[in-house]
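These notes concern the structure reproduced below.
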Amino acid sequence: MNFDNDNSRKKNWGLLVTGVVGGTLVALYAVVTPFITPALRKICLPFVPATSTQTENVLKMLQCRNGSLVDIGSGDGRIVIAAAKEGFRAVGYELNPWLVWYSRYCAWREGVHHDAKFYISDLWKVRFSQYTNVVIFGVPQMMPQLEKKLEDELEYDARVIACRFPFPHWMPDYTTGEGIDTVWAYDLKNFKGSDKRYSETLPIMHSS
């Protein structure tokens, strides 16, 4: 009889432990999945946080610039927040709501929530004509289409800063960094509406 009771208690404890572990895994999956799944559905663009070096290189390309700034696919908001600290009116567009909420919290924590705004939106449904500085951490598959969209929408005084991957046809005015930390800056006034395009035979100017 005691033997049966012991087996019953062990079975109940086993079920309890299994339920707790299972519930924990489900909760963890629910929290983590939105952060690692593609944030921009048209092109598979998973969330990969910018490194501190990448952030510094972006800020370097923003020196002597002013006006508004947008980060396309803003992730956890670190570029937008860093730009807001430098005096920019900065906006981030991100399709992943978890990342947008987290970015808003980080902006509030850093005391720049008045100058750093985040919106849940697909980049292909947003017009960027009101921004004078554009930052993008893209993937090669999206760059040709995004290049055309930005050239059509941005004004002549705009600067586009590409991280990790350059645009396929534009010729960068400045580059800085190495490897995955490389950043390319493109001033639209130098080629918008002209035939000036990127060519493998042309040297890339490096900023000092």
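How things are named: the first chain in the structure tokens is A, the next is B, and so on; residues count from 1 in each chain; ligands count from 1 in the order shown.
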
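Shell of A:Ile180 at 9 Å, with only C-alpha atoms counted and residues fewer than 3 places along the chain excluded, is A:Gln54, A:Cys163, A:Arg164, A:Phe165, A:Gly177, A:Val183.
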
Hey, can you spit out that residue selection with all heavy atoms as a short mmCIF file (atom, residue, chain, number, x, y, z; two decimals), in the first residue's frame?
```
data_model
loop_
_atom_site.label_atom_id
_atom_site.label_comp_id
_atom_site.auth_asym_id
_atom_site.auth_seq_id
_atom_site.Cartn_x
_atom_site.Cartn_y
_atom_site.Cartn_z
N GLN A 54 29.92 49.64 -35.25
CA GLN A 54 29.00 50.07 -36.31
C GLN A 54 28.27 51.35 -35.92
O GLN A 54 28.12 52.26 -36.73
CB GLN A 54 27.99 48.96 -36.60
CG GLN A 54 28.58 47.78 -37.36
CD GLN A 54 27.62 46.61 -37.41
OE1 GLN A 54 26.72 46.48 -36.59
NE2 GLN A 54 27.83 45.73 -38.38
N CYS A 163 24.85 50.09 -43.88
CA CYS A 163 25.72 49.31 -42.99
C CYS A 163 25.70 47.84 -43.40
O CYS A 163 24.66 47.32 -43.80
CB CYS A 163 25.24 49.45 -41.55
SG CYS A 163 25.04 51.16 -41.00
N ARG A 164 26.85 47.22 -43.30
CA ARG A 164 27.06 45.80 -43.62
C ARG A 164 27.11 45.52 -45.12
O ARG A 164 27.97 44.78 -45.57
CB ARG A 164 26.01 44.91 -42.97
CG ARG A 164 26.04 44.92 -41.44
CD ARG A 164 25.30 43.72 -40.85
NE ARG A 164 25.33 43.79 -39.40
CZ ARG A 164 24.29 44.12 -38.64
NH1 ARG A 164 23.14 44.37 -39.21
NH2 ARG A 164 24.40 44.17 -37.34
N PHE A 165 26.17 46.06 -45.89
CA PHE A 165 26.15 45.83 -47.34
C PHE A 165 25.92 47.15 -48.07
O PHE A 165 25.03 47.91 -47.69
CB PHE A 165 25.07 44.82 -47.72
CG PHE A 165 25.27 43.46 -47.13
CD1 PHE A 165 24.56 43.08 -45.99
CD2 PHE A 165 26.17 42.56 -47.68
CE1 PHE A 165 24.74 41.84 -45.42
CE2 PHE A 165 26.36 41.32 -47.12
CZ PHE A 165 25.65 40.94 -46.00
N GLY A 177 35.38 52.03 -41.67
CA GLY A 177 35.26 50.73 -41.03
C GLY A 177 35.75 49.59 -41.90
O GLY A 177 36.09 49.78 -43.08
N VAL A 183 30.77 50.98 -43.19
CA VAL A 183 29.63 51.86 -43.40
C VAL A 183 29.89 52.69 -44.66
O VAL A 183 30.99 53.22 -44.84
CB VAL A 183 29.42 52.78 -42.18
CG1 VAL A 183 28.37 53.84 -42.47
CG2 VAL A 183 29.00 51.95 -40.96
#
```

* Asked: Please, which residues of stretch 34-169 of chain A, numbered as in this document, come out helix (DSSP H, G or I) from DSSP, as a ChimeraX atom specification?
  -> /A:34-36,52-61,78-85,97-109,123-125,143-153

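In this model, the gap between atom CA of A:Val91 and atom CA of A:Tyr119 comes to 7.7 Å.
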
I need the strand (DSSP E or B) residues of stretch 58-98 of chain A per DSSP on the backbone, written as a PDB file with C-alpha atoms, in the first residue's frame.
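Full text of result.pdb as output:
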```
ATOM      1  CA  SER A  68      15.755  64.526 -39.288  1.00  0.00           C
ATOM      2  CA  LEU A  69      16.983  60.944 -39.302  1.00  0.00           C
ATOM      3  CA  VAL A  70      15.287  57.634 -39.939  1.00  0.00           C
ATOM      4  CA  ASP A  71      16.582  54.136 -39.241  1.00  0.00           C
ATOM      5  CA  ILE A  72      14.905  51.635 -41.573  1.00  0.00           C
ATOM      6  CA  ARG A  89      15.157  64.255 -34.482  1.00  0.00           C
ATOM      7  CA  ALA A  90      15.321  60.512 -34.970  1.00  0.00           C
ATOM      8  CA  VAL A  91      12.700  57.980 -35.997  1.00  0.00           C
ATOM      9  CA  GLY A  92      12.837  54.216 -36.286  1.00  0.00           C
ATOM     10  CA  TYR A  93      10.521  52.025 -38.360  1.00  0.00           C
ATOM     11  CA  GLU A  94      10.336  48.381 -37.359  1.00  0.00           C
TER      12      GLU A  94
END
```

* Structure fact -> Of A:Met142, A:Asn190, A:Arg159, A:Arg127, the one nearest to A:Gln63 when counting only C-alpha atoms is A:Arg159

* Skipping near chain neighbours, those fewer than 5 positions away, what residues fall within 10 Å of A:Glu56 using only C-alpha atoms, listed as a PyMOL selection string? -> chain A and resi 50-51+61-62+79+82+177+181+183

Just to be explicit: take each residue in the selection above, keep N, CA and C atoms, and write the result as a short mmCIF file (atom, residue, chain, number, x, y, z; two decimals), in the first residue's frame.
```
data_model
loop_
_atom_site.label_atom_id
_atom_site.label_comp_id
_atom_site.auth_asym_id
_atom_site.auth_seq_id
_atom_site.Cartn_x
_atom_site.Cartn_y
_atom_site.Cartn_z
N ALA A 50 23.25 46.02 -33.97
CA ALA A 50 24.44 46.73 -34.42
C ALA A 50 25.52 46.64 -33.35
N THR A 51 26.76 46.49 -33.78
CA THR A 51 27.87 46.48 -32.83
C THR A 51 28.17 47.92 -32.41
N MET A 61 29.62 59.23 -39.82
CA MET A 61 29.06 59.66 -41.11
C MET A 61 28.00 60.75 -40.95
N LEU A 62 27.55 60.98 -39.72
CA LEU A 62 26.55 62.01 -39.46
C LEU A 62 27.15 63.32 -38.97
N ILE A 79 20.59 52.73 -32.81
CA ILE A 79 21.05 53.77 -33.72
C ILE A 79 20.21 55.04 -33.54
N ALA A 82 21.18 56.69 -30.26
CA ALA A 82 22.49 57.33 -30.36
C ALA A 82 22.40 58.62 -31.16
N GLY A 177 35.38 52.03 -41.67
CA GLY A 177 35.26 50.73 -41.03
C GLY A 177 35.75 49.59 -41.90
N ASP A 181 31.69 45.85 -40.00
CA ASP A 181 31.51 47.19 -39.45
C ASP A 181 31.64 48.28 -40.51
N VAL A 183 30.77 50.98 -43.19
CA VAL A 183 29.63 51.86 -43.40
C VAL A 183 29.89 52.69 -44.66
#
```

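Summary of the local environment: counting only C-alpha atoms, residues at most 12 Å from A:Glu110, other than itself and those fewer than 6 positions away along its chain, are Gly77, Arg78, Val80, Ile81, Ala82, Ala84, Lys85, Ser103, Arg104 and Ala116 of chain A.
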
Selected residues written out, N, CA, C and O atoms, as a compact mmCIF listing (two decimals), in the first residue's frame:
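Output below, filename part.txt:
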```
# COMPACT_ATOMS: atom_id res chain seq x y z
N GLY A 77 16.65 49.76 -31.50
CA GLY A 77 16.62 51.21 -31.37
C GLY A 77 17.93 51.89 -31.07
O GLY A 77 17.96 53.12 -30.91
N ARG A 78 19.02 51.15 -31.04
CA ARG A 78 20.28 51.75 -30.56
C ARG A 78 20.80 52.86 -31.49
O ARG A 78 21.39 53.83 -31.01
N VAL A 80 18.91 54.88 -33.46
CA VAL A 80 18.01 56.02 -33.27
C VAL A 80 18.33 56.74 -31.96
O VAL A 80 18.40 57.97 -31.91
N ILE A 81 18.53 55.99 -30.90
CA ILE A 81 18.83 56.58 -29.60
C ILE A 81 20.17 57.31 -29.63
O ILE A 81 20.31 58.42 -29.11
N ALA A 82 21.18 56.69 -30.26
CA ALA A 82 22.49 57.33 -30.36
C ALA A 82 22.40 58.62 -31.16
O ALA A 82 23.03 59.64 -30.80
N ALA A 84 19.70 60.53 -31.50
CA ALA A 84 18.96 61.50 -30.70
C ALA A 84 19.88 62.17 -29.67
O ALA A 84 19.74 63.37 -29.40
N LYS A 85 20.80 61.42 -29.13
CA LYS A 85 21.75 61.99 -28.17
C LYS A 85 22.66 63.01 -28.82
O LYS A 85 23.21 63.89 -28.14
N SER A 103 12.46 49.32 -27.78
CA SER A 103 13.16 50.55 -28.18
C SER A 103 12.59 51.76 -27.46
O SER A 103 13.34 52.65 -27.01
N ARG A 104 11.27 51.82 -27.36
CA ARG A 104 10.63 52.94 -26.66
C ARG A 104 11.04 52.97 -25.20
O ARG A 104 11.29 54.05 -24.63
N ALA A 116 13.45 60.62 -29.88
CA ALA A 116 13.60 59.30 -30.50
C ALA A 116 12.24 58.61 -30.52
O ALA A 116 11.71 58.21 -29.49
```

* **Who sits within 6 Å of A:Tyr186, only C-alpha atoms, same chain under 6 positions skipped, as a VMD selection string** => chain A and resid 159 to 160 172 to 173

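In this comparison, which uses only C-alpha atoms, the residue of A:Val139, A:Lys149, A:Asp157, A:Ala83 approaching A:Thr55 most closely is A:Ala83.
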
Applying 9 Å and only C-alpha atoms, which residues near A:Met143 remain after dropping the ones on its own chain fewer than 6 positions away? List them as an mmCIF file with C-alpha atoms, in the first residue's frame.
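What follows is the written file out12.cif:
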```
data_model
loop_
_atom_site.group_PDB
_atom_site.id
_atom_site.type_symbol
_atom_site.label_atom_id
_atom_site.label_comp_id
_atom_site.auth_asym_id
_atom_site.auth_seq_id
_atom_site.Cartn_x
_atom_site.Cartn_y
_atom_site.Cartn_z
ATOM 1 C CA PHE A 165 26.154 45.830 -47.337
ATOM 2 C CA PRO A 166 26.491 48.667 -49.899
ATOM 3 C CA PHE A 167 23.962 49.619 -52.527
ATOM 4 C CA PRO A 168 24.613 47.847 -55.851
#
```

* Shortest interatomic distance to A:His169 - which of A:Arg109, A:His114, A:Lys189, A:Lys148, counting only C-alpha atoms -> A:Lys148
